[in-house]
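Source file: model.txt; contents: compact mmCIF, C-alpha atoms.
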# COMPACT_ATOMS: atom_id res chain seq x y z
CA MET A 73 0.00 0.00 0.00
CA LYS A 74 2.74 2.42 1.03
CA LEU A 75 4.84 1.34 -1.92
CA ASN A 76 1.98 2.09 -4.30
CA GLN A 77 1.59 5.49 -2.63
CA LYS A 78 5.27 6.23 -3.14
CA LYS A 79 5.03 5.16 -6.78
CA ALA A 80 2.08 7.50 -7.26
CA GLN A 81 4.05 10.34 -5.66
CA LYS A 82 6.94 9.78 -8.08
CA SER A 83 4.54 9.65 -10.99
CA GLY A 84 2.96 12.90 -9.85
CA SER A 85 6.43 14.41 -9.49
CA ARG A 86 7.21 13.48 -13.10
CA TYR A 87 4.00 15.13 -14.29
CA ARG A 88 4.84 18.25 -12.29
CA LEU A 89 8.22 18.38 -14.05
CA GLU A 90 6.48 18.23 -17.41
CA ALA A 91 4.12 20.98 -16.31
CA TYR A 92 7.00 23.20 -15.16
CA LEU A 93 8.86 22.73 -18.43
CA ALA A 94 5.71 23.32 -20.45
CA ALA A 95 5.21 26.61 -18.62
CA GLY A 96 8.83 27.60 -19.18
CA LEU A 97 9.12 26.54 -22.81
CA GLY A 98 5.61 27.29 -23.96
CA SER A 99 6.61 30.72 -25.21
CA PHE A 100 9.11 29.07 -27.56
CA GLY A 101 6.26 28.23 -29.89
CA LEU A 102 5.00 31.81 -29.83
CA ALA A 103 8.06 33.21 -31.62
CA SER A 104 7.28 34.31 -35.14
CA SER A 105 8.77 36.63 -37.70
CA ALA A 106 6.74 39.61 -38.82
CA GLU A 107 4.55 39.16 -41.86
CA ALA A 108 5.88 39.90 -45.31
CA GLY A 109 5.13 43.28 -46.84
CA ILE A 110 8.40 44.97 -47.72
CA VAL A 111 10.60 42.91 -50.03
CA LEU A 112 14.34 43.54 -50.18
CA ILE A 113 16.07 43.49 -53.57
CA ASP A 114 19.49 41.87 -53.83
CA LEU A 115 21.45 44.33 -55.97
CA THR A 116 24.27 41.83 -56.44
CA LYS A 117 21.83 39.56 -58.29
CA ALA A 118 19.15 41.98 -59.38
CA GLY A 119 16.16 41.05 -61.50
CA SER A 120 15.34 37.89 -63.37
CA ASN A 121 18.70 38.08 -65.19
CA GLN A 122 20.61 38.49 -61.87
CA VAL A 123 22.80 41.46 -62.73
CA ASP A 124 25.29 42.88 -60.21
CA ILE A 125 24.70 46.64 -60.18
CA THR A 126 26.59 47.50 -56.99
CA GLY A 127 29.78 48.69 -58.70
CA VAL A 128 30.66 52.26 -59.68
CA ASN A 129 27.99 53.55 -62.07
CA GLY A 130 26.11 50.30 -61.73
CA GLY A 131 29.02 48.24 -63.01
CA ALA A 132 28.36 49.35 -66.57
CA GLY A 133 31.23 50.09 -68.92
CA LEU A 134 31.88 53.68 -69.98
CA GLY A 135 29.35 54.69 -72.59
CA ALA A 136 27.18 51.66 -71.88
CA PHE A 137 24.37 50.61 -69.55
CA ASN A 138 23.23 47.55 -67.63
CA VAL A 139 19.66 46.34 -68.06
CA VAL A 140 17.86 44.62 -65.17
CA ASN A 141 14.71 42.75 -66.15
CA GLU A 142 11.85 42.52 -63.63
CA PHE A 143 13.75 44.77 -61.22
CA PHE A 144 10.92 44.38 -58.77
CA LEU A 145 7.57 42.60 -58.87
CA PRO A 146 8.66 39.23 -60.25
CA GLY A 147 6.74 38.37 -63.39
CA ASN A 148 6.15 42.02 -64.21
CA ALA A 149 7.70 43.36 -67.43
CA ASN A 150 9.35 46.39 -65.77
CA ALA A 151 13.04 46.97 -66.49
CA LEU A 152 15.74 49.12 -64.89
CA PHE A 153 18.44 50.79 -66.99
CA VAL A 154 21.66 51.78 -65.20
CA SER A 155 23.54 54.10 -67.54
CA ASN A 156 27.22 55.05 -67.42
CA GLY A 157 27.29 57.77 -70.09
CA ALA A 158 25.26 55.88 -72.68
CA LEU A 159 23.48 58.52 -74.80
CA SER A 160 25.28 61.07 -72.54
CA VAL A 161 23.11 59.90 -69.59
CA TYR A 162 24.45 59.02 -66.14
CA GLY A 163 22.00 57.47 -63.69
CA LEU A 164 18.79 55.47 -63.59
CA PHE A 165 15.74 55.26 -65.77
CA GLY A 166 13.01 52.69 -66.32
CA ALA A 167 11.05 50.97 -69.05
CA ASN A 168 7.82 49.01 -69.37
CA GLY A 169 6.17 50.92 -66.55
CA LEU A 170 9.03 51.37 -64.07
CA GLU A 171 9.02 55.06 -63.10
CA PHE A 172 11.20 57.21 -60.84
CA GLY A 173 10.30 60.20 -58.72
CA SER A 174 11.53 63.52 -60.07
CA GLY A 175 11.01 67.25 -59.89
CA GLY A 176 9.37 67.20 -63.31
CA SER A 177 12.07 69.09 -65.19
CA ASN A 178 15.17 67.92 -67.03
CA VAL A 179 17.74 66.13 -64.83
CA SER A 180 15.74 66.33 -61.61
CA PRO A 181 15.84 63.04 -59.68
CA GLN A 182 14.03 63.64 -56.40
CA ALA A 183 16.12 62.98 -53.28
CA PHE A 184 14.32 61.32 -50.37
CA MET A 185 15.73 61.28 -46.86
CA PRO A 186 15.36 58.25 -44.54
CA GLY A 187 11.77 57.82 -43.41
CA ALA A 188 10.25 60.03 -46.11
CA ILE A 189 6.95 58.74 -47.48
CA ILE A 190 6.97 57.35 -51.02
CA GLY A 191 3.59 56.87 -52.65
CA GLY A 192 0.10 57.62 -51.42
CA SER A 193 -0.87 61.27 -51.63
CA THR A 194 2.69 62.63 -51.65
CA SER A 195 3.42 65.14 -54.40
CA THR A 196 5.89 63.23 -56.55
CA VAL A 197 6.24 63.59 -60.31
CA TRP A 198 6.78 60.15 -61.84
CA THR A 199 8.74 59.71 -65.03
CA LEU A 200 10.05 57.11 -67.46
CA TYR A 201 12.29 59.56 -69.31
CA PRO A 202 16.05 59.08 -68.86
CA THR A 203 16.77 62.79 -69.29
CA VAL A 204 14.47 63.53 -66.31
CA SER A 205 15.29 60.83 -63.74
CA SER A 206 19.03 60.67 -64.46
CA PHE A 207 21.78 62.45 -62.50
CA LYS A 208 23.35 63.89 -65.61
CA SER A 209 22.24 64.37 -69.20
CA GLY A 210 24.50 66.19 -71.62
CA SER A 211 25.72 69.37 -69.92
CA GLU A 212 23.00 69.34 -67.24
CA GLU A 213 23.42 67.57 -63.93
CA SER A 214 21.71 67.32 -60.56
CA ALA A 215 23.05 68.26 -57.17
CA ALA A 216 25.00 65.68 -55.19
CA PHE A 217 23.29 62.77 -53.45
CA GLY A 218 25.10 62.01 -50.19
CA PRO A 219 25.00 58.91 -47.99
CA SER A 220 21.57 57.59 -46.93
CA THR A 221 19.76 59.28 -49.81
CA TYR A 222 17.04 57.50 -51.74
CA MET A 223 15.24 57.64 -55.05
CA ALA A 224 11.56 56.68 -55.29
CA MET A 225 10.25 54.18 -57.80
CA ARG A 226 6.91 52.69 -58.72
CA SER A 227 5.50 50.20 -61.19
CA PRO A 228 1.90 49.66 -62.29
CA VAL A 229 -0.03 46.41 -62.48
CA GLY A 230 -3.37 47.12 -64.13
CA THR A 231 -4.84 50.07 -62.25
CA ASP A 232 -2.68 49.46 -59.16
CA PHE A 233 0.74 50.87 -58.27
CA TYR A 234 3.54 49.29 -56.26
CA TYR A 235 6.07 51.59 -54.58
CA GLY A 236 9.71 51.16 -53.65
CA TRP A 237 13.01 52.89 -52.97
CA ILE A 238 16.64 52.57 -53.99
CA GLU A 239 19.55 53.93 -51.95
CA VAL A 240 22.00 55.90 -54.09
CA THR A 241 24.90 58.34 -54.02
CA TRP A 242 25.94 60.72 -56.79
CA ASP A 243 29.08 62.85 -57.07
CA PRO A 244 28.82 65.48 -59.85
CA ASN A 245 32.53 66.19 -59.54
CA THR A 246 33.47 62.71 -60.72
CA ASP A 247 30.30 61.70 -62.62
CA GLN A 248 30.06 58.65 -60.39
CA PHE A 249 27.07 57.11 -58.66
CA ARG A 250 26.58 53.99 -56.55
CA LEU A 251 23.58 51.81 -55.70
CA PHE A 252 23.54 50.27 -52.22
CA SER A 253 20.17 48.76 -51.41
CA ALA A 254 16.58 48.66 -52.60
CA ALA A 255 13.16 47.42 -51.55
CA TYR A 256 9.51 47.57 -52.51
CA GLU A 257 6.13 47.17 -50.81
CA ASP A 258 4.33 44.11 -52.18
CA THR A 259 0.87 45.38 -51.18
CA PRO A 260 -0.58 47.44 -54.04
CA ASN A 261 -1.32 51.15 -53.55
CA THR A 262 0.54 51.14 -50.22
CA ALA A 263 3.14 53.80 -49.43
CA ILE A 264 6.61 52.88 -48.23
CA LYS A 265 9.14 54.85 -46.19
CA ALA A 266 12.53 55.53 -47.75
CA GLY A 267 15.02 53.08 -46.28
CA ASP A 268 12.39 50.94 -44.58
CA THR A 269 13.44 47.28 -44.71
CA GLY A 270 10.35 45.94 -42.98
CA ALA A 271 10.48 42.53 -41.35
CA ALA A 272 13.48 40.99 -43.06
CA PRO A 273 16.18 41.65 -40.39
CA VAL A 274 14.04 41.22 -37.25
CA PRO A 275 15.69 38.54 -35.00
CA GLU A 276 12.62 37.87 -32.83
CA PRO A 277 12.63 34.06 -33.12
CA ALA A 278 16.21 33.80 -31.84
CA SER A 279 15.52 36.22 -28.97
CA SER A 280 12.39 34.34 -27.98
CA ALA A 281 14.29 31.07 -28.01
CA VAL A 282 16.82 32.46 -25.53
CA VAL A 283 14.05 33.69 -23.25
CA ALA A 284 12.31 30.32 -23.48
CA LEU A 285 15.49 28.46 -22.54
CA LEU A 286 16.03 30.73 -19.54
CA MET A 287 12.46 30.17 -18.42
CA GLY A 288 12.86 26.43 -18.90
CA GLY A 289 16.02 26.45 -16.76
CA ALA A 290 14.24 28.33 -13.99
CA ALA A 291 11.37 25.84 -14.15
CA LEU A 292 13.76 22.89 -13.89
CA ARG A 293 15.50 24.39 -10.83
CA LYS A 294 12.15 24.94 -9.16
CA TRP A 295 11.13 21.34 -9.81
CA ARG A 296 14.41 20.00 -8.41
CA LYS A 297 14.05 22.11 -5.27
CA ASN A 298 10.51 20.87 -4.66
CA LYS A 299 11.55 17.27 -5.37
CA ASN A 300 14.48 17.42 -2.94
CA LYS A 301 12.17 18.83 -0.28
CA GLN A 302 9.63 16.08 -0.93
CA ASP A 303 12.30 13.34 -0.83
CA ALA A 304 13.51 14.61 2.54
CA GLN A 305 10.00 14.31 3.94
CA GLU A 306 9.33 10.80 2.53
CA PRO A 307 9.97 7.74 4.82
CA SER A 308 12.99 5.59 3.96
CA SER A 309 12.63 2.21 2.25
CA GLU A 310 13.56 0.48 5.55
CA SER A 311 10.70 2.14 7.42
CA LEU A 312 8.28 1.25 4.62
CA ALA A 313 9.36 -2.35 4.76
CA SER A 314 8.92 -2.58 8.57
Is it possible to give me this structure as C-alpha cells?
Amino acid sequence: MKLNQKKAQKSGSRYRLEAYLAAGLGSFGLASSAEAGIVLIDLTKAGSNQVDITGVNGGAGLGAFNVVNEFFLPGNANALFVSNGALSVYGLFGANGLEFGSGGSNVSPQAFMPGAIIGGSTSTVWTLYPTVSSFKSGSEESAAFGPSTYMAMRSPVGTDFYYGWIEVTWDPNTDQFRLFSAAYEDTPNTAIKAGDTGAAPVPEPASSAVVALLMGGAALRKWRKNKNKQDAQEPSSESLAS
C-alpha cells in the first residue's frame, strides 16, 4: 500500500516536471517573424537576369548601360536601366512601366531622406524619361546625393501601383554614382518609407528562443528544489518495509 503510494508520488512528481517545463518553454512556440510586406532586392543579383549593379555607375562600362529585367515585382515586365554615359546619360531610368520620382524638369531626380513617405498622396512627379530621372544628361546635372539618400520608384499592375526605394549616391565632380540597397512594398497602392526594410532583419525568433530556454532552466531548478524537499520528507525504504 505504502509502496503504491510512493510510486504514485513519483509519478505525480514526473508530471509536475512536465508541467514546469511546459510553462517555461511554452513561449518558444510563440516566436514568429513579422509578416511579409516589404521585399528587399538583392542588388548583387538583381532582377530575373541576376545582374550585379553594386559597382561604380552600376558596373556598366563607360558609354554603356546595364539592363535589369523585372527589377521588382517578379513576373512584371518592368526593367531598370543603369547608364554610365550611354546617350550622354548618367543614372537610372526605367522601361515598361518602371518610373522614378523627379522634380518634373530635365535632370531632376528627387532625393528622399530616410523615413520620407513614397507613394500615397505625396506630391511626386513620376517619369520614365532618362533625361528627367538621371543624374546627368549632356551638360546638365543634378546636385550631389550624399550617404543615406534614396530615389523613389513605382511600377503599375493594371490600375494598381507598387512603390519602392533605392539607396544611391551621386558625385557630380566625378560623374560617379553607386547603388547600395533597394526594396519595394508588395501590397498594391501602399506607401513605403525611404530606407524601410520591414520585417526581413528582425531577430525575434532567436531572442524568444533564448528567453524560453532561460524560463525552462528556472522551471527545472524549481522542480528539483521541490523534489528534494519532498524526498527529505518521505519515509525511507527500511521504514516502509517494517
Select, from A:Tyr162, A:Phe207, A:Phe172, A:Tyr234, the residue with the minimum atom-to-atom distance to Gly192 in chain A, counting all atoms listed in the file.
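Residue with the minimum atom-to-atom distance to Gly192 in chain A: A:Tyr234.
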CA of Ile113 in chain A and CA of Gly133 in chain A, how far apart in Å?
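Separation of CA of Gly133 in chain A and CA of Ile113 in chain A: 22.6 Å.
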Show me, as a tab-separated table, the residues of range 158-225 of chain A having an atom within 12 Å of range 253-256 of chain A, each with the closest atom pair and its distance in Å, using only C-alpha atoms.
residue	atom	partner	partner_atom	distance
A:Ile190	CA	A:Tyr256	CA	10.2
A:Gly191	CA	A:Tyr256	CA	11.0
A:Pro219	CA	A:Ser253	CA	11.7
A:Ser220	CA	A:Ser253	CA	10.0
A:Thr221	CA	A:Ser253	CA	10.6
A:Tyr222	CA	A:Ala254	CA	8.9
A:Met223	CA	A:Ala254	CA	9.4
A:Ala224	CA	A:Tyr256	CA	9.7
A:Met225	CA	A:Tyr256	CA	8.5
Two-atom distance - CA of Ser180 in chain A, CA of Asn261 in chain A (Å):
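One can read the CA of Ser180 in chain A to CA of Asn261 in chain A distance as 24.2 Å.
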With distances taken over all atoms listed in the file, which of A:Asn121, A:Ile110, A:Tyr235, A:Asn150 is nearest to Asn138 in chain A?
A:Asn121
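Of the residues under consideration (A:Ser206, A:Ser177, A:Met185, A:Leu200), A:Ser206 shows the shortest atom-to-atom contact distance to Ala158 in chain A when counting all atoms listed in the file.
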Can you tell me which residues surround Asp114 in chain A at a distance of at most 10 Å, considering only C-alpha atoms, apart from same-chain residues fewer than 4 positions away, and format the answer as a ChimeraX atom specification?
/A:118-119,122-126,143,252-255
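Interatomic distance, CA of Ser214 in chain A against CA of Pro244 in chain A: 7.4 Å.
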Excluding Val161 in chain A and its own-chain neighbours fewer than 3 positions away, which residues fall within 8 Å of it when counting only C-alpha atoms? Please give them as number ranges by chain.
A: 155-158, 202-203, 206-210
Please, what is the axis-aligned box for every listed atom of range 182-195 of chain A with 4 Å on each side, as centre and edge lengths in Å to one decimal, as JSON?
{"center_x": 7.6, "center_y": 61.0, "center_z": -49.9, "size_x": 25.0, "size_y": 16.3, "size_z": 21.0}
Tell me, as an mmCIF file with C-alpha atoms, keeping the file's coordinate frame, which residues lie within 8 Å of Phe217 in chain A, counting only C-alpha atoms; anything in the same chain fewer than 4 positions away does not count.
data_model
loop_
_atom_site.group_PDB
_atom_site.id
_atom_site.type_symbol
_atom_site.label_atom_id
_atom_site.label_comp_id
_atom_site.auth_asym_id
_atom_site.auth_seq_id
_atom_site.Cartn_x
_atom_site.Cartn_y
_atom_site.Cartn_z
ATOM 1 C CA ALA A 183 16.120 62.980 -53.280
ATOM 2 C CA THR A 221 19.760 59.280 -49.810
ATOM 3 C CA VAL A 240 22.000 55.900 -54.090
ATOM 4 C CA THR A 241 24.900 58.340 -54.020
ATOM 5 C CA TRP A 242 25.940 60.720 -56.790
ATOM 6 C CA ASP A 243 29.080 62.850 -57.070
#
Compare A:Ala215, A:Phe144, A:Pro260, A:Ile189 by their minimum atom-to-atom distance to Asp232 in chain A, counting all atoms listed in the file, and give me the closest one.
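Closest to Asp232 in chain A, using all atoms listed in the file: A:Pro260.
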